[in-house]
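Colleague: Here you go, this is final.pdb (PDB, C-alpha atoms).
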ATOM      1  CA  MET H   1       0.000   0.000   0.000
ATOM      2  CA  PRO H   2       1.432   3.451  -0.904
ATOM      3  CA  GLN H   3       2.769   5.640   1.905
ATOM      4  CA  LYS H   4       0.262   8.332   2.877
ATOM      5  CA  PRO H   5       1.358  11.953   3.116
ATOM      6  CA  ILE H   6       1.422  13.454   6.585
ATOM      7  CA  LYS H   7       0.338  16.878   5.357
ATOM      8  CA  PHE H   8      -0.474  19.050   2.375
ATOM      9  CA  ALA H   9       2.566  21.269   1.791
ATOM     10  CA  HIS H  10       2.150  23.886  -0.944
ATOM     11  CA  VAL H  11       0.825  24.888  -4.340
ATOM     12  CA  VAL H  12       2.883  26.338  -7.206
ATOM     13  CA  TYR H  13       1.382  28.697  -9.796
ATOM     14  CA  ARG H  14       2.573  29.748 -13.264
ATOM     15  CA  THR H  15       1.880  33.440 -13.875
ATOM     16  CA  ARG H  16       2.566  36.416 -16.112
ATOM     17  CA  ARG H  17       1.555  38.738 -13.276
ATOM     18  CA  PHE H  18       4.452  37.796 -11.020
ATOM     19  CA  GLU H  19       4.685  40.892  -8.782
ATOM     20  CA  GLU H  20       0.915  41.358  -8.751
ATOM     21  CA  MET H  21       0.403  37.755  -7.618
ATOM     22  CA  ILE H  22       3.008  38.071  -4.871
ATOM     23  CA  SER H  23       1.340  41.261  -3.620
ATOM     24  CA  TRP H  24      -2.125  39.677  -3.720
ATOM     25  CA  TYR H  25      -1.072  36.653  -1.661
ATOM     26  CA  GLU H  26       0.747  38.924   0.798
ATOM     27  CA  THR H  27      -2.466  40.910   1.228
ATOM     28  CA  VAL H  28      -5.026  38.099   1.271
ATOM     29  CA  PHE H  29      -3.079  35.534   3.298
ATOM     30  CA  GLY H  30      -0.772  37.816   5.251
ATOM     31  CA  ALA H  31       2.001  35.831   3.567
ATOM     32  CA  LYS H  32       5.650  36.834   3.608
ATOM     33  CA  VAL H  33       8.277  36.269   0.927
ATOM     34  CA  GLN H  34      10.791  33.624   2.007
ATOM     35  CA  HIS H  35      12.887  33.695  -1.175
ATOM     36  CA  GLU H  36      12.553  35.555  -4.460
ATOM     37  CA  ASN H  37      14.519  35.808  -7.682
ATOM     38  CA  PRO H  38      13.370  36.892 -11.167
ATOM     39  CA  VAL H  39      11.992  33.414 -11.976
ATOM     40  CA  LEU H  40      10.689  32.050  -8.667
ATOM     41  CA  ALA H  41       9.124  33.335  -5.473
ATOM     42  CA  PHE H  42       8.315  31.337  -2.332
ATOM     43  CA  LEU H  43       5.848  32.629   0.279
ATOM     44  CA  THR H  44       4.455  31.347   3.554
ATOM     45  CA  TYR H  45       1.821  32.402   6.082
ATOM     46  CA  ASP H  46       2.804  30.013   8.897
ATOM     47  CA  ASP H  47       5.768  27.922  10.053
ATOM     48  CA  GLU H  48       5.932  25.898   6.812
ATOM     49  CA  HIS H  49       8.910  26.979   4.665
ATOM     50  CA  HIS H  50       6.565  27.762   1.762
ATOM     51  CA  ARG H  51       2.842  27.435   1.143
ATOM     52  CA  PHE H  52       2.863  29.150  -2.271
ATOM     53  CA  ALA H  53       5.420  29.450  -5.036
ATOM     54  CA  PHE H  54       5.174  31.395  -8.282
ATOM     55  CA  VAL H  55       6.906  30.701 -11.597
ATOM     56  CA  ASN H  56       7.379  33.866 -13.667
ATOM     57  CA  LEU H  57       6.316  33.043 -17.237
ATOM     58  CA  ALA H  58       7.590  36.427 -18.417
ATOM     59  CA  VAL H  59      11.108  35.057 -17.817
ATOM     60  CA  ILE H  60      10.499  31.467 -18.920
ATOM     61  CA  ASP H  61       8.702  32.628 -22.099
ATOM     62  CA  PRO H  62      10.145  36.155 -22.534
ATOM     63  CA  LYS H  63       8.893  36.655 -26.113
ATOM     64  CA  GLY H  64       5.352  36.168 -24.926
ATOM     65  CA  THR H  65       4.711  33.581 -27.594
ATOM     66  CA  LEU H  66       2.069  32.034 -25.359
ATOM     67  CA  GLU H  67      -1.016  34.164 -24.739
ATOM     68  CA  THR H  68      -1.151  35.766 -21.295
ATOM     69  CA  ASP H  69      -4.187  33.850 -20.141
ATOM     70  CA  ARG H  70      -4.115  30.745 -22.332
ATOM     71  CA  ARG H  71      -5.754  27.901 -20.470
ATOM     72  CA  GLY H  72      -3.060  25.574 -19.139
ATOM     73  CA  ALA H  73      -0.216  28.079 -19.488
ATOM     74  CA  VAL H  74      -1.157  30.095 -16.412
ATOM     75  CA  GLY H  75      -2.576  28.613 -13.248
ATOM     76  CA  VAL H  76      -1.668  25.699 -11.015
ATOM     77  CA  ASP H  77       1.636  24.044 -11.899
ATOM     78  CA  HIS H  78       1.569  21.446  -9.130
ATOM     79  CA  VAL H  79       0.485  20.699  -5.587
ATOM     80  CA  ALA H  80       2.821  19.163  -3.013
ATOM     81  CA  TYR H  81       2.454  16.672  -0.188
ATOM     82  CA  THR H  82       4.961  15.936   2.575
ATOM     83  CA  LEU H  83       5.847  12.381   3.578
ATOM     84  CA  ALA H  84       7.204  11.497   7.011
ATOM     85  CA  SER H  85      10.628  10.186   5.997
ATOM     86  CA  VAL H  86      13.048   9.486   3.171
ATOM     87  CA  GLY H  87      12.208   5.815   3.652
ATOM     88  CA  ASP H  88       8.517   6.545   3.080
ATOM     89  CA  LEU H  89       9.330   8.593  -0.042
ATOM     90  CA  ILE H  90      11.460   5.833  -1.545
ATOM     91  CA  GLU H  91       9.208   2.928  -0.564
ATOM     92  CA  ASN H  92       6.271   4.867  -2.015
ATOM     93  CA  TYR H  93       8.285   5.149  -5.243
ATOM     94  CA  ALA H  94       8.875   1.372  -5.254
ATOM     95  CA  GLU H  95       5.222   0.595  -4.546
ATOM     96  CA  LEU H  96       3.961   2.893  -7.295
ATOM     97  CA  LYS H  97       6.573   1.706  -9.790
ATOM     98  CA  ALA H  98       5.333  -1.858  -9.250
ATOM     99  CA  LYS H  99       1.950  -0.544 -10.458
ATOM    100  CA  ALA H 100       3.518   1.164 -13.525
ATOM    101  CA  ILE H 101       3.320   4.665 -12.013
ATOM    102  CA  THR H 102       6.674   6.445 -12.168
ATOM    103  CA  PRO H 103       7.852   9.985 -11.437
ATOM    104  CA  TYR H 104       8.829  12.318 -14.252
ATOM    105  CA  TRP H 105      11.300  14.215 -12.037
ATOM    106  CA  CYS H 106      13.346  13.219  -8.973
ATOM    107  CA  VAL H 107      15.236  16.201  -7.606
ATOM    108  CA  HIS H 108      16.855  17.269  -4.370
ATOM    109  CA  HIS H 109      15.938  20.934  -4.074
ATOM    110  CA  GLY H 110      18.235  21.425  -1.093
ATOM    111  CA  LEU H 111      15.135  22.317   0.887
ATOM    112  CA  THR H 112      13.369  19.038   0.107
ATOM    113  CA  ALA H 113      14.016  15.733  -1.628
ATOM    114  CA  SER H 114      11.150  15.486  -4.097
ATOM    115  CA  MET H 115       9.496  13.228  -6.651
ATOM    116  CA  TYR H 116       7.038  14.612  -9.190
ATOM    117  CA  TYR H 117       4.184  12.645 -10.745
ATOM    118  CA  ALA H 118       1.381  13.391 -13.225
ATOM    119  CA  ASP H 119      -2.100  11.893 -12.930
ATOM    120  CA  PRO H 120      -4.018  10.585 -15.998
ATOM    121  CA  ASP H 121      -5.265  14.121 -16.782
ATOM    122  CA  GLY H 122      -1.751  15.543 -16.538
ATOM    123  CA  ASN H 123      -2.219  17.256 -13.159
ATOM    124  CA  GLN H 124       1.197  17.457 -11.551
ATOM    125  CA  MET H 125       2.011  16.678  -7.935
ATOM    126  CA  GLU H 126       5.096  16.560  -5.757
ATOM    127  CA  PHE H 127       5.829  14.127  -2.945
ATOM    128  CA  GLN H 128       8.528  15.587  -0.727
ATOM    129  CA  VAL H 129      10.540  15.098   2.438
ATOM    130  CA  ASP H 130      11.987  18.090   4.251
ATOM    131  CA  ALA H 131      15.775  18.106   4.319
ATOM    132  CA  PHE H 132      15.957  19.754   7.738
ATOM    133  CA  PRO H 133      14.013  19.488  10.998
ATOM    134  CA  GLY H 134      11.974  22.270  12.515
ATOM    135  CA  ASP H 135      12.815  25.859  11.640
ATOM    136  CA  ALA H 136      16.017  24.912   9.763
ATOM    137  CA  CYS H 137      14.065  24.719   6.482
ATOM    138  CA  ASN H 138      13.102  28.375   6.932
ATOM    139  CA  VAL H 139      16.750  29.254   7.486
ATOM    140  CA  PHE H 140      17.752  27.367   4.326
ATOM    141  CA  ILE H 141      15.122  28.924   2.033
ATOM    142  CA  GLN H 142      16.292  32.408   3.048
ATOM    143  CA  GLY H 143      20.004  31.588   2.710
ATOM    144  CA  ASP H 144      22.823  31.708   0.201
ATOM    145  CA  GLU H 145      22.665  28.066  -0.911
ATOM    146  CA  MET H 146      19.042  28.525  -1.995
ATOM    147  CA  GLU H 147      20.117  31.534  -4.033
ATOM    148  CA  LEU H 148      22.919  29.570  -5.717
ATOM    149  CA  ASN H 149      20.636  26.718  -6.815
ATOM    150  CA  PRO H 150      16.898  27.192  -6.170
ATOM    151  CA  VAL H 151      15.922  24.396  -8.602
ATOM    152  CA  GLY H 152      18.029  21.487  -7.351
ATOM    153  CA  VAL H 153      20.096  18.485  -8.376
ATOM    154  CA  GLU H 154      18.489  15.350  -9.802
ATOM    155  CA  PHE H 155      18.887  11.966  -8.125
ATOM    156  CA  ASP H 156      18.363   8.351  -9.201
ATOM    157  CA  PRO H 157      15.535   6.813  -7.139
ATOM    158  CA  GLU H 158      16.761   3.288  -7.924
ATOM    159  CA  GLU H 159      20.131   4.126  -6.392
ATOM    160  CA  TRP H 160      18.464   5.592  -3.307
ATOM    161  CA  LEU H 161      16.209   2.532  -3.006
ATOM    162  CA  ALA H 162      19.168   0.119  -3.190
ATOM    163  CA  ARG H 163      21.195   2.113  -0.662
ATOM    164  CA  LEU H 164      18.320   2.440   1.822
ATOM    165  CA  ARG H 165      17.423  -1.230   1.588
ATOM    166  CA  GLY H 166      21.130  -1.969   1.999
ATOM    167  CA  GLY H 167      21.109  -0.251   5.375
ATOM    168  CA  ALA H 168      22.235   3.306   4.582
ATOM    169  CA  PRO H 169      20.870   5.754   7.183
ATOM    170  CA  GLU H 170      18.342   8.362   6.075
ATOM    171  CA  SER H 171      20.754  11.084   7.161
ATOM    172  CA  GLU H 172      22.852  10.280   4.052
ATOM    173  CA  PHE H 173      19.986  11.423   1.800
ATOM    174  CA  ARG H 174      18.382  14.362   3.561
ATOM    175  CA  ILE H 175      21.132  16.938   3.018
ATOM    176  CA  ARG H 176      22.026  17.821  -0.580
ATOM    177  CA  LYS H 177      25.773  17.297  -0.917
ATOM    178  CA  THR H 178      26.382  19.265  -4.118
ATOM    179  CA  LEU H 179      25.006  22.318  -5.917
ATOM    180  CA  GLU H 180      25.753  20.993  -9.400
ATOM    181  CA  PRO H 181      24.565  20.178 -11.942
ATOM    182  CA  VAL H 182      21.513  22.414 -11.716
ATOM    183  CA  SER H 183      18.556  20.428 -13.008
ATOM    184  CA  PRO H 184      16.420  21.763 -15.823
ATOM    185  CA  ILE H 185      12.855  22.358 -14.707
ATOM    186  CA  ARG H 186      10.755  19.322 -15.630
ATOM    187  CA  GLY H 187       7.032  19.023 -16.314
ATOM    188  CA  PHE H 188       4.742  21.658 -17.813
ATOM    189  CA  ALA H 189       6.814  24.689 -16.768
ATOM    190  CA  GLY H 190       9.875  23.010 -18.261
ATOM    191  CA  SER H 191       8.078  22.569 -21.574
ATOM    192  CA  LEU H 192       7.408  26.325 -21.608
ATOM    193  CA  GLN H 193      11.080  26.960 -20.929
ATOM    194  CA  GLY H 194      12.027  24.698 -23.846
ATOM    195  CA  HIS H 195       9.478  26.486 -26.019
ATOM    196  CA  ALA H 196      10.990  29.857 -25.135
ATOM    197  CA  ALA H 197      14.438  28.588 -26.085
ATOM    198  CA  GLY H 198      13.154  27.493 -29.466
ATOM    199  CA  ALA H 199      13.256  23.787 -28.610
TER     200      ALA H 199
END
Is it possible to express this structure as structure tokens?
Modeller:
Amino acid sequence: MPQKPIKFAHVVYRTRRFEEMISWYETVFGAKVQHENPVLAFLTYDDEHHRFAFVNLAVIDPKGTLETDRRGAVGVDHVAYTLASVGDLIENYAELKAKAITPYWCVHHGLTASMYYADPDGNQMEFQVDAFPGDACNVFIQGDEMELNPVGVEFDPEEWLARLRGGAPESEFRIRKTLEPVSPIRGFAGSLQGHAAGA
């Protein structure tokens, strides 16, 4: 049986109204910006490191070749759920793979170790495990390492599965050990990025 999430974590939106969206969520939710760069912004209204994130389509698709409000281009990119442990994340991967359901992106964001899936309609979701306990995730998201690589480094879930089942402690997986190579963004937002680059 798949591992159940312990909580709903966040939602990520694609937008061409980047600053306007940030301001709206600050006003409506009393949210504060945890980390912002020209492409991404992360906000929270409680002790979670982020409850909302925004992907700036004006940067990903700078020529504006996609209409501002085209259905599917703007709106929800994905929703995220937190699992209790790295072991739960990896065993969930193994259970779902046995049922022919596999992630399209496995990436250690530095903040979280995450696996991304798409349902039959193409709705995207993230299963994640926090890299740090307690308030340390908030410290990380506001720090220099987040600025250097806010996307993350990909990992091989089969390697993680073999190592965990071989007795490796979860502490070996929680902390991202390298900043490179920076992963390309996968999923729908990544397809927009490829489109903007002429791919």
Colleague: I'd like the residues picked by the PyMOL selection byres ((chain H and resi 45) around 6) written out as a ChimeraX atom specification, using the chain letters and numbers from the file.
Modeller: /H:31,44,46
Colleague: On this file, the PyMOL selection byres ((chain H and resi 109-114) around 7) gives some set of residues; write that set as an NGL selection string.
Modeller: :H and (106-108 or 115-116 or 126-131 or 137 or 140-141 or 150-153 or 174-176)
Colleague: Between atom CA of Lys4 of chain H and atom CA of Asn149 of chain H, what is the distance in Å, rounded to a tenth?
Modeller: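 About the pair atom CA of Lys4 of chain H and atom CA of Asn149 of chain H: they are 29.1 Å apart.
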Colleague: So that I can check the surroundings of Gln34 of chain H, please list as number ranges by chain every protein, DNA and RNA residue that reaches within 12 Å of it, counting all atoms listed in the file and ignoring chain neighbours fewer than 6 positions away.
Modeller: H: 22, 26, 40-54, 137-143, 146-147
Colleague: Which residue, H:Leu179, H:Phe8, H:Glu170, H:Pro184, has the smallest gap to Leu83 of chain H when you use only C-alpha atoms?
Modeller: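 Checking each of H:Leu179, H:Phe8, H:Glu170, H:Pro184 against Leu83 of chain H, counting only C-alpha atoms, the winner is H:Phe8.
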Colleague: Decode the PyMOL selection byres ((chain H and resi 77-82) around 8) for the given file into explicit residues and return them as a list of chain:residue names.
Modeller: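 Evaluating the PyMOL selection byres ((chain H and resi 77-82) around 8) on this file yields H:Pro5, H:Ile6, H:Lys7, H:Phe8, H:Ala9, H:His10, H:Val11, H:Val12, H:Tyr13, H:Arg14, H:Gly75, H:Val76, H:Leu83, H:Ala84, H:Asn123, H:Gln124, H:Met125, H:Glu126, H:Phe127, H:Gln128, H:Val129, H:Asp130, H:Phe188, H:Ala189.
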Colleague: Using all atoms listed in the file, which residue out of H:Gly30, H:Gly167, H:Gly190, H:Pro2 lies closest to Leu57 of chain H?
Modeller: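 Ranking H:Gly30, H:Gly167, H:Gly190, H:Pro2 by distance to Leu57 of chain H, first place goes to H:Gly190.
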Colleague: Suppose you want the space between atom CA of Leu192 of chain H and atom CA of Val39 of chain H; what is it in Å?
Modeller: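 Here the two named atoms are 12.8 Å from each other.
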Colleague: Return the single residue from H:Val33, H:Leu164, H:Ala73, H:Val86 that is closest to Met21 of chain H, with distances computed using only C-alpha atoms.
Modeller: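 Result for the nearest residue to Met21 of chain H: H:Val33.
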Colleague: Here is a test: counting only C-alpha atoms, which residue of H:Lys99, H:Arg16, H:Arg165, H:Lys177 is nearest to Val55 of chain H?
Modeller: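 Answer, going by the shortest atom-to-atom distance: H:Arg16.
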Colleague: Please report, as AutoDock Vina command-line options, the centre and edge lengths in Å to one decimal of an axis-aligned box covering all listed atoms of segment 128-134 of chain H with 3 Å per side.
Modeller:
--center_x 12.2 --center_y 18.7 --center_z 5.9 --size_x 13.4 --size_y 13.2 --size_z 19.2
Colleague: In Å to one decimal, how far is atom CA of Asn56 of chain H from atom CA of Thr15 of chain H?
Modeller: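 Atom CA of Thr15 of chain H sits 5.5 Å away from atom CA of Asn56 of chain H.
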Colleague: I'd like to know which of H:Asp121, H:Asp144, H:Glu19, H:Glu172 is closest to Trp160 of chain H, using only C-alpha atoms.
Modeller: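 Of all the options, H:Glu172 lies closest to Trp160 of chain H.
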Colleague: Would you please work out which residue, of H:Ile90, H:Asp135, H:Asn37, H:Phe155, is nearest to Thr178 of chain H when using all atoms listed in the file?
Modeller: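 Nearest to Thr178 of chain H: H:Phe155.
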